[in-house]
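> Coordinates in data_6.cif, mmCIF, C-alpha atoms, pLDDT in the B column; chains and numbers go by the auth columns, are listed below.
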```cif
data_my_file
loop_
_atom_site.group_PDB
_atom_site.id
_atom_site.type_symbol
_atom_site.label_atom_id
_atom_site.label_comp_id
_atom_site.label_asym_id
_atom_site.label_seq_id
_atom_site.Cartn_x
_atom_site.Cartn_y
_atom_site.Cartn_z
_atom_site.B_iso_or_equiv
_atom_site.auth_seq_id
_atom_site.auth_asym_id
ATOM 1 C CA MET A 1 -7.676 -19.036 13.649 49.00 1 L
ATOM 2 C CA SER A 2 -5.577 -21.349 11.478 50.00 2 L
ATOM 3 C CA THR A 3 -3.435 -23.759 13.477 56.00 3 L
ATOM 4 C CA SER A 4 -0.583 -23.158 10.999 72.00 4 L
ATOM 5 C CA LEU A 5 -0.036 -19.644 12.346 80.00 5 L
ATOM 6 C CA LYS A 6 2.809 -19.134 14.792 89.00 6 L
ATOM 7 C CA PHE A 7 2.034 -17.248 17.997 90.00 7 L
ATOM 8 C CA ASN A 8 4.466 -15.758 20.490 91.00 8 L
ATOM 9 C CA ARG A 9 4.143 -16.272 24.230 88.00 9 L
ATOM 10 C CA ASN A 10 1.607 -13.449 24.417 88.00 10 L
ATOM 11 C CA GLY A 11 -0.535 -15.056 21.742 92.00 11 L
ATOM 12 C CA PHE A 12 0.304 -12.777 18.795 92.00 12 L
ATOM 13 C CA THR A 13 1.545 -13.540 15.297 93.00 13 L
ATOM 14 C CA SER A 14 4.385 -11.593 13.706 91.00 14 L
ATOM 15 C CA ARG A 15 1.737 -9.397 12.050 90.00 15 L
ATOM 16 C CA GLY A 16 0.075 -8.537 15.350 91.00 16 L
ATOM 17 C CA ILE A 17 -2.947 -10.814 15.105 92.00 17 L
ATOM 18 C CA HIS A 18 -3.944 -12.387 18.401 93.00 18 L
ATOM 19 C CA ARG A 19 -5.027 -15.996 18.593 90.00 19 L
ATOM 20 C CA ASN A 20 -8.555 -14.662 19.283 90.00 20 L
ATOM 21 C CA GLY A 21 -8.606 -13.314 15.706 90.00 21 L
ATOM 22 C CA THR A 22 -8.270 -9.593 16.512 93.00 22 L
ATOM 23 C CA HIS A 23 -5.411 -7.146 16.943 91.00 23 L
ATOM 24 C CA ARG A 24 -5.881 -7.130 20.724 92.00 24 L
ATOM 25 C CA ASP A 25 -5.705 -9.792 23.378 93.00 25 L
ATOM 26 C CA ASP A 26 -8.581 -10.602 25.689 92.00 26 L
ATOM 27 C CA ASP A 27 -7.494 -7.813 28.048 91.00 27 L
ATOM 28 C CA GLY A 28 -7.540 -5.232 25.254 92.00 28 L
ATOM 29 C CA TYR A 29 -3.803 -4.910 24.601 93.00 29 L
ATOM 30 C CA ASP A 30 -2.128 -5.076 21.194 94.00 30 L
ATOM 31 C CA LYS A 31 1.082 -6.891 20.298 93.00 31 L
ATOM 32 C CA ARG A 32 3.157 -4.011 21.661 93.00 32 L
ATOM 33 C CA GLY A 33 1.254 -4.075 24.958 93.00 33 L
ATOM 34 C CA PHE A 34 -0.804 -0.896 24.532 93.00 34 L
ATOM 35 C CA ASN A 35 -4.585 -0.556 24.887 91.00 35 L
ATOM 36 C CA ARG A 36 -6.882 1.649 22.805 84.00 36 L
ATOM 37 C CA VAL A 37 -6.132 4.775 24.837 81.00 37 L
ATOM 38 C CA GLY A 38 -2.351 4.383 24.746 87.00 38 L
ATOM 39 C CA ILE A 39 -1.797 2.877 28.184 90.00 39 L
ATOM 40 C CA HIS A 40 0.698 0.049 28.411 93.00 40 L
ATOM 41 C CA ARG A 41 -0.109 -3.118 30.312 91.00 41 L
ATOM 42 C CA ASN A 42 2.418 -1.959 32.914 92.00 42 L
ATOM 43 C CA GLY A 43 -0.038 0.814 33.813 89.00 43 L
ATOM 44 C CA THR A 44 1.891 3.755 32.332 90.00 44 L
ATOM 45 C CA GLN A 45 2.098 5.510 28.965 88.00 45 L
ATOM 46 C CA TYR A 46 5.489 3.922 28.296 93.00 46 L
ATOM 47 C CA ASN A 47 6.637 0.384 27.594 94.00 47 L
ATOM 48 C CA GLY A 48 9.580 -1.340 29.235 93.00 48 L
ATOM 49 C CA THR A 49 12.078 0.453 27.011 94.00 49 L
ATOM 50 C CA GLY A 50 10.522 3.867 27.699 94.00 50 L
ATOM 51 C CA TYR A 51 8.503 4.536 24.530 95.00 51 L
ATOM 52 C CA ASP A 52 4.801 5.391 24.221 92.00 52 L
ATOM 53 C CA CYS A 53 2.289 3.961 21.762 90.00 53 L
ATOM 54 C CA ASN A 54 3.461 6.434 19.102 88.00 54 L
ATOM 55 C CA GLY A 55 7.082 5.407 19.543 91.00 55 L
ATOM 56 C CA TYR A 56 8.339 8.447 21.473 91.00 56 L
ATOM 57 C CA ASN A 57 10.029 8.625 24.873 92.00 57 L
ATOM 58 C CA GLN A 58 9.342 11.163 27.603 88.00 58 L
ATOM 59 C CA GLU A 59 11.739 13.614 25.960 90.00 59 L
ATOM 60 C CA GLY A 60 9.792 13.357 22.710 87.00 60 L
ATOM 61 C CA TYR A 61 12.302 11.340 20.658 93.00 61 L
ATOM 62 C CA ASN A 62 11.849 8.003 18.890 94.00 62 L
ATOM 63 C CA HIS A 63 14.278 5.098 19.033 93.00 63 L
ATOM 64 C CA LYS A 64 16.264 6.630 16.151 94.00 64 L
ATOM 65 C CA GLY A 65 16.678 9.847 18.111 94.00 65 L
ATOM 66 C CA TYR A 66 14.285 12.074 16.138 93.00 66 L
ATOM 67 C CA ASN A 67 11.298 14.054 17.428 88.00 67 L
ATOM 68 C CA ILE A 68 7.874 14.395 15.833 80.00 68 L
ATOM 69 C CA TYR A 69 9.231 17.117 13.534 81.00 69 L
ATOM 70 C CA GLY A 70 12.024 14.871 12.274 87.00 70 L
ATOM 71 C CA PHE A 71 14.917 16.574 14.091 92.00 71 L
ATOM 72 C CA ASN A 72 17.410 15.077 16.531 94.00 72 L
ATOM 73 C CA ARG A 73 18.615 16.624 19.781 93.00 73 L
ATOM 74 C CA ASP A 74 21.180 18.688 17.884 94.00 74 L
ATOM 75 C CA GLY A 75 18.535 20.107 15.575 93.00 75 L
ATOM 76 C CA TRP A 76 19.319 18.138 12.394 95.00 76 L
ATOM 77 C CA ASN A 77 17.000 15.940 10.348 94.00 77 L
ATOM 78 C CA ILE A 78 17.930 12.589 8.870 93.00 78 L
ATOM 79 C CA LYS A 79 19.161 14.271 5.657 94.00 79 L
ATOM 80 C CA GLY A 80 21.469 16.607 7.559 95.00 80 L
ATOM 81 C CA PHE A 81 19.429 19.809 7.309 96.00 81 L
ATOM 82 C CA GLY A 82 18.581 22.062 10.234 95.00 82 L
ATOM 83 C CA ARG A 83 15.251 23.627 11.125 90.00 83 L
ATOM 84 C CA ASP A 84 16.042 26.589 8.854 93.00 84 L
ATOM 85 C CA GLY A 85 16.541 24.290 5.875 94.00 85 L
ATOM 86 C CA PHE A 86 20.320 24.609 5.655 97.00 86 L
ATOM 87 C CA ASN A 87 22.939 21.943 6.321 97.00 87 L
ATOM 88 C CA LYS A 88 26.100 22.219 8.410 96.00 88 L
ATOM 89 C CA ASN A 89 27.944 23.669 5.434 97.00 89 L
ATOM 90 C CA GLY A 90 25.342 26.411 5.083 97.00 90 L
ATOM 91 C CA TYR A 91 23.573 25.163 1.948 98.00 91 L
ATOM 92 C CA ASN A 92 19.938 24.241 1.409 97.00 92 L
ATOM 93 C CA LYS A 93 18.709 21.189 -0.500 95.00 93 L
ATOM 94 C CA PHE A 94 19.003 23.080 -3.786 96.00 94 L
ATOM 95 C CA GLY A 95 22.625 24.013 -3.162 97.00 95 L
ATOM 96 C CA PHE A 96 22.159 27.693 -2.232 98.00 96 L
ATOM 97 C CA ASN A 97 23.620 29.395 0.821 98.00 97 L
ATOM 98 C CA ARG A 98 21.811 32.004 2.905 96.00 98 L
ATOM 99 C CA ASN A 99 23.112 34.802 0.678 97.00 99 L
ATOM 100 C CA GLY A 100 21.588 33.256 -2.430 97.00 100 L
ATOM 101 C CA MET A 101 24.868 32.034 -3.869 98.00 101 L
ATOM 102 C CA HIS A 102 24.886 28.533 -5.322 98.00 102 L
ATOM 103 C CA ILE A 103 27.581 26.035 -4.442 97.00 103 L
ATOM 104 C CA ASN A 104 28.741 26.269 -8.069 97.00 104 L
ATOM 105 C CA GLY A 105 29.816 29.880 -7.431 97.00 105 L
ATOM 106 C CA THR A 106 26.998 31.613 -9.373 97.00 106 L
ATOM 107 C CA LEU A 107 23.533 32.953 -8.617 97.00 107 L
ATOM 108 C CA TYR A 108 21.931 30.089 -10.520 97.00 108 L
ATOM 109 C CA SER A 109 21.780 26.369 -9.949 97.00 109 L
ATOM 110 C CA ASN A 110 23.023 23.926 -12.554 96.00 110 L
ATOM 111 C CA ASP A 111 19.405 23.668 -13.667 94.00 111 L
ATOM 112 C CA GLY A 112 19.235 27.423 -14.223 96.00 112 L
ATOM 113 C CA PHE A 113 17.077 28.758 -11.367 97.00 113 L
ATOM 114 C CA ASP A 114 18.038 31.190 -8.601 97.00 114 L
ATOM 115 C CA PHE A 115 17.635 31.087 -4.824 97.00 115 L
ATOM 116 C CA ASN A 116 13.936 31.971 -5.138 95.00 116 L
ATOM 117 C CA GLY A 117 13.323 29.432 -7.857 95.00 117 L
ATOM 118 C CA PHE A 118 13.150 31.794 -10.830 97.00 118 L
ATOM 119 C CA TYR A 119 14.890 31.385 -14.173 97.00 119 L
ATOM 120 C CA PRO A 120 16.523 34.345 -15.971 95.00 120 L
ATOM 121 C CA ASP A 121 13.248 35.028 -17.835 96.00 121 L
ATOM 122 C CA GLY A 122 11.482 35.627 -14.490 96.00 122 L
ATOM 123 C CA ILE A 123 9.395 32.458 -14.616 97.00 123 L
ATOM 124 C CA ASN A 124 9.709 29.637 -12.111 97.00 124 L
ATOM 125 C CA HIS A 125 9.532 25.892 -12.676 93.00 125 L
ATOM 126 C CA HIS A 126 5.741 25.938 -12.318 95.00 126 L
ATOM 127 C CA GLY A 127 5.253 28.714 -14.857 97.00 127 L
ATOM 128 C CA PHE A 128 4.589 31.602 -12.453 98.00 128 L
ATOM 129 C CA ASN A 129 6.300 34.980 -12.254 97.00 129 L
ATOM 130 C CA SER A 130 7.121 36.901 -9.071 95.00 130 L
ATOM 131 C CA SER A 131 3.699 38.579 -9.257 97.00 131 L
ATOM 132 C CA ARG A 132 2.172 35.110 -8.870 97.00 132 L
ATOM 133 C CA ILE A 133 0.691 35.176 -12.378 98.00 133 L
ATOM 134 C CA HIS A 134 0.992 32.092 -14.539 98.00 134 L
ATOM 135 C CA ARG A 135 2.263 32.296 -18.086 96.00 135 L
ATOM 136 C CA ASN A 136 -1.327 31.551 -19.199 97.00 136 L
ATOM 137 C CA GLY A 137 -2.345 34.954 -17.804 97.00 137 L
ATOM 138 C CA THR A 138 -4.336 33.732 -14.765 98.00 138 L
ATOM 139 C CA ILE A 139 -3.541 33.002 -11.132 97.00 139 L
ATOM 140 C CA TYR A 140 -3.959 29.265 -11.784 98.00 140 L
ATOM 141 C CA ASP A 141 -1.833 26.951 -13.873 97.00 141 L
ATOM 142 C CA ASP A 142 -3.324 24.657 -16.506 97.00 142 L
ATOM 143 C CA LYS A 143 -4.080 22.037 -13.837 96.00 143 L
ATOM 144 C CA GLY A 144 -5.923 24.497 -11.609 97.00 144 L
ATOM 145 C CA TYR A 145 -3.233 25.202 -9.001 97.00 145 L
ATOM 146 C CA ASP A 146 -2.046 28.655 -7.937 98.00 146 L
ATOM 147 C CA TYR A 147 1.442 29.992 -7.196 97.00 147 L
ATOM 148 C CA ASP A 148 1.483 28.236 -3.827 96.00 148 L
ATOM 149 C CA GLY A 149 0.231 24.979 -5.316 96.00 149 L
ATOM 150 C CA PHE A 150 -3.374 25.084 -4.116 97.00 150 L
ATOM 151 C CA ASN A 151 -6.586 24.771 -6.103 97.00 151 L
ATOM 152 C CA VAL A 152 -9.703 26.878 -5.668 97.00 152 L
ATOM 153 C CA ASP A 153 -10.713 24.689 -2.705 96.00 153 L
ATOM 154 C CA GLY A 154 -7.390 25.308 -0.966 96.00 154 L
ATOM 155 C CA ILE A 155 -6.055 21.768 -1.464 96.00 155 L
ATOM 156 C CA ASN A 156 -2.731 20.932 -3.081 96.00 156 L
ATOM 157 C CA ALA A 157 -1.887 18.013 -5.365 94.00 157 L
ATOM 158 C CA LYS A 158 -0.873 15.858 -2.382 93.00 158 L
ATOM 159 C CA GLY A 159 -4.140 16.434 -0.559 95.00 159 L
ATOM 160 C CA PHE A 160 -2.903 18.944 2.019 96.00 160 L
ATOM 161 C CA GLY A 161 -4.733 22.176 2.824 96.00 161 L
ATOM 162 C CA ARG A 162 -3.197 25.596 3.333 94.00 162 L
ATOM 163 C CA ASN A 163 -3.024 24.864 7.059 93.00 163 L
ATOM 164 C CA GLY A 164 -0.758 21.906 6.306 94.00 164 L
ATOM 165 C CA TRP A 165 -3.269 19.181 7.152 95.00 165 L
ATOM 166 C CA ASN A 166 -4.605 16.343 5.036 95.00 166 L
ATOM 167 C CA ARG A 167 -8.299 16.104 5.843 91.00 167 L
ATOM 168 C CA ARG A 168 -8.464 12.475 4.764 91.00 168 L
ATOM 169 C CA THR A 169 -5.440 11.024 6.547 92.00 169 L
ATOM 170 C CA ARG A 170 -5.319 13.586 9.398 89.00 170 L
ATOM 171 C CA LEU A 171 -1.536 13.763 8.850 91.00 171 L
ATOM 172 C CA HIS A 172 0.475 16.978 8.639 91.00 172 L
ATOM 173 C CA LYS A 173 2.590 17.871 5.622 89.00 173 L
ATOM 174 C CA ASN A 174 5.693 17.332 7.769 83.00 174 L
ATOM 175 C CA GLY A 175 4.882 13.622 7.618 80.00 175 L
ATOM 176 C CA SER A 176 3.738 13.180 11.201 82.00 176 L
ATOM 177 C CA LYS A 177 0.459 13.383 13.115 84.00 177 L
ATOM 178 C CA TYR A 178 1.640 16.631 14.760 86.00 178 L
ATOM 179 C CA ASP A 179 2.217 20.071 13.253 87.00 179 L
ATOM 180 C CA TYR A 180 5.315 22.188 13.882 82.00 180 L
ATOM 181 C CA ASP A 181 3.798 23.457 17.143 85.00 181 L
ATOM 182 C CA GLY A 182 3.260 19.929 18.411 85.00 182 L
ATOM 183 C CA PHE A 183 -0.513 19.717 17.892 90.00 183 L
ATOM 184 C CA ASP A 184 -2.443 17.094 15.944 91.00 184 L
ATOM 185 C CA TYR A 185 -5.264 17.582 13.428 91.00 185 L
ATOM 186 C CA TYR A 186 -7.709 18.111 16.273 90.00 186 L
ATOM 187 C CA GLY A 187 -5.493 20.628 18.029 93.00 187 L
ATOM 188 C CA ARG A 188 -4.080 18.385 20.755 91.00 188 L
ATOM 189 C CA ASN A 189 -0.510 17.643 21.784 87.00 189 L
ATOM 190 C CA TYR A 190 0.765 14.162 22.567 78.00 190 L
ATOM 191 C CA LYS A 191 -0.410 14.555 26.169 81.00 191 L
ATOM 192 C CA GLY A 192 -3.961 15.226 25.009 86.00 192 L
ATOM 193 C CA ILE A 193 -3.934 18.913 25.934 92.00 193 L
ATOM 194 C CA HIS A 194 -5.703 21.196 23.467 94.00 194 L
ATOM 195 C CA ARG A 195 -3.949 24.222 22.003 93.00 195 L
ATOM 196 C CA ASN A 196 -6.307 26.350 24.149 94.00 196 L
ATOM 197 C CA GLY A 197 -4.407 25.065 27.182 94.00 197 L
ATOM 198 C CA THR A 198 -7.095 22.779 28.600 94.00 198 L
ATOM 199 C CA LYS A 199 -8.049 19.134 28.172 93.00 199 L
ATOM 200 C CA TYR A 200 -11.234 20.210 26.376 95.00 200 L
ATOM 201 C CA ASP A 201 -11.459 21.529 22.816 93.00 201 L
ATOM 202 C CA ASP A 202 -13.348 24.698 21.935 92.00 202 L
ATOM 203 C CA GLU A 203 -16.581 22.677 21.754 93.00 203 L
ATOM 204 C CA GLY A 204 -16.036 21.268 25.215 95.00 204 L
ATOM 205 C CA TYR A 205 -14.884 17.721 24.408 94.00 205 L
ATOM 206 C CA ASP A 206 -11.784 15.896 25.643 93.00 206 L
ATOM 207 C CA LYS A 207 -9.366 13.862 23.526 89.00 207 L
ATOM 208 C CA ASN A 208 -11.717 10.873 23.571 89.00 208 L
ATOM 209 C CA GLY A 209 -14.753 12.930 22.586 91.00 209 L
ATOM 210 C CA PHE A 210 -16.414 13.281 25.989 94.00 210 L
ATOM 211 C CA ASN A 211 -17.559 16.487 27.681 95.00 211 L
ATOM 212 C CA SER A 212 -17.429 17.287 31.394 94.00 212 L
ATOM 213 C CA ASP A 213 -20.780 15.511 31.858 96.00 213 L
ATOM 214 C CA LYS A 214 -19.187 12.342 30.417 94.00 214 L
ATOM 215 C CA ILE A 215 -21.400 12.528 27.309 96.00 215 L
ATOM 216 C CA HIS A 216 -19.765 11.758 23.977 95.00 216 L
ATOM 217 C CA ARG A 217 -19.991 14.223 21.122 92.00 217 L
ATOM 218 C CA ASN A 218 -22.330 11.755 19.379 94.00 218 L
ATOM 219 C CA GLY A 219 -24.914 12.471 22.077 94.00 219 L
ATOM 220 C CA THR A 220 -24.615 9.149 23.926 96.00 220 L
ATOM 221 C CA ILE A 221 -22.473 7.847 26.765 95.00 221 L
ATOM 222 C CA TYR A 222 -20.583 5.616 24.325 94.00 222 L
ATOM 223 C CA SER A 223 -17.795 6.393 21.860 91.00 223 L
ATOM 224 C CA ARG A 224 -17.706 4.905 18.366 85.00 224 L
ATOM 225 C CA SER A 225 -15.720 2.039 19.884 83.00 225 L
ATOM 226 C CA GLY A 226 -18.499 1.348 22.363 89.00 226 L
ATOM 227 C CA LEU A 227 -16.503 2.628 25.332 89.00 227 L
ATOM 228 C CA THR A 228 -17.653 5.045 28.039 93.00 228 L
ATOM 229 C CA TRP A 229 -15.796 7.888 29.716 92.00 229 L
ATOM 230 C CA TYR A 230 -15.009 5.527 32.586 90.00 230 L
ATOM 231 C CA ASP A 231 -13.396 3.010 30.222 87.00 231 L
ATOM 232 C CA TYR A 232 -10.971 5.653 28.978 86.00 232 L
ATOM 233 C CA ASN A 233 -10.187 6.945 32.454 84.00 233 L
ATOM 234 C CA LYS A 234 -9.477 3.805 34.419 75.00 234 L
ATOM 235 C CA GLU A 235 -6.823 4.211 37.069 57.00 235 L
#
```
Can the structure from this file be put into structure tokens for me?

Amino acid sequence: MSTSLKFNRNGFTSRGIHRNGTHRDDDGYDKRGFNRVGIHRNGTQYNGTGYDCNGYNQEGYNHKGYNIYGFNRDGWNIKGFGRDGFNKNGYNKFGFNRNGMHINGTLYSNDGFDFNGFYPDGINHHGFNSSRIHRNGTIYDDKGYDYDGFNVDGINAKGFGRNGWNRRTRLHKNGSKYDYDGFDYYGRNYKGIHRNGTKYDDEGYDKNGFNSDKIHRNGTIYSRSGLTWYDYNKE
């Protein structure tokens, strides 16, 4: 490594590069002190300030006080909206209350659409009517997306599928690695438990890809990182 780089007492630069040229020290820990399987060098899942490798404490909140869904302990997101999409004054992000009345005192926003997003002519902003037919006479708009915003392959313009997951980034449409039920792309919660209630997925593999015989899903005893079941399950 270049001698001009500045390293902290643990041997890392401000960008997390260790003096050995990798993102982990010789013991396998990154700048934050976590190894590849999320265990801190103190031997627990949490660092000295009580946060795990994903930045959440044991109650499931990050240092700003928000959970994986973006809500604080009182149920509000950073923009002041609750889980139902309405703020403390009872209006959603478009200015409508739960009865469909806009904050301007009419049934239409200042841009001319109602609570359900339709203009007086019965067409919404995307050109669809309430029967989900586009003004071009088909169920798809001119770019190939339907009423819900998905193409024939079930993917929307942002790359998310109908189930809310981006197959490329493995992120949910809510902006986190967990869906609204607390499970990741592979169906596991932050503790590694599958939505089926066990530590194994429906194919019989744990969160690291190993089955009960300690064989990885690739057919060998090694993961893609070259680690064995025993490496991931050190006491």
> How big is the axis-aligned box, and where does its centre sit, when it encloses all atoms of stretch 40-58 of chain L listed in the file and has 3 Å added on every side, reported in Å to one decimal as JSON?

```
{"center_x": 6.0, "center_y": 4.0, "center_z": 26.5, "size_x": 18.2, "size_y": 20.3, "size_z": 20.7}
```
> What lies within 9 Å of L:Phe34 using only C-alpha atoms, ignoring chain neighbours under 3 positions off, as a list of chain:residue names?
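The residues satisfying every condition are L:Arg24, L:Gly28, L:Tyr29, L:Asp30, L:Lys31, L:Val37, L:Gly38, L:Ile39, L:His40, L:Arg41, L:Gln45, L:Tyr46, L:Asn47, L:Asp52, L:Cys53.
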> Given the file above and the PyMOL selection byres ((chain L and resi 96) around 12), which residues are selected, and can you give them as JSON, numbers by chain?
{"L": [85, 86, 87, 89, 90, 91, 92, 93, 94, 95, 97, 98, 99, 100, 101, 102, 103, 104, 105, 106, 107, 108, 109, 110, 113, 114, 115, 116, 117]}
> Check the smallest atom-to-atom distance from each of L:Trp165, L:Arg135, L:Gly65, L:Asn35 to L:His23 using only C-alpha atoms, then report the winner.
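Smallest separation from L:His23 among the options: L:Asn35.
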> May I ask for the distance between atom CA of L:Gly33 and atom CA of L:Arg9, given in Å to one decimal place?
12.6 Å
> In Å, how far is it from atom CA of L:Asp184 to atom CA of L:Thr220?
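Spanning atom CA of L:Asp184 to atom CA of L:Thr220 is a straight-line distance of 24.9 Å.
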> To one decimal place, how far is atom CA of L:Lys199 from atom CA of L:Arg73 in Å?
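Those two atoms sit 28.1 Å apart.
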> Place a sphere of radius 12 Å on (9.8, 5.6, 24.1) in the file coordinates and name every protein, DNA or RNA residue with an atom inside or on its surface, counting all atoms listed in the file; give the answer as number ranges by chain.
L: 32, 40, 44-67
> Written as a VMD selection string, which residues does the PyMOL selection byres ((chain L and resi 177) around 12) give for the file shown?
chain L and resid 54 67 to 70 164 to 167 169 to 176 178 to 190
> Excluding L:Asp206 and residues on its chain fewer than 4 positions from it, collect all residues at most 10 Å away from it, counting only C-alpha atoms, and give them as a list in words.
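The neighbour list is Arg188, Gly192, Ile193, His194, Thr198, Lys199, Tyr200, Asp201, Asp202, Phe210, Asn211, Ser212, Lys214, His216, Arg217 and Trp229 of chain L.
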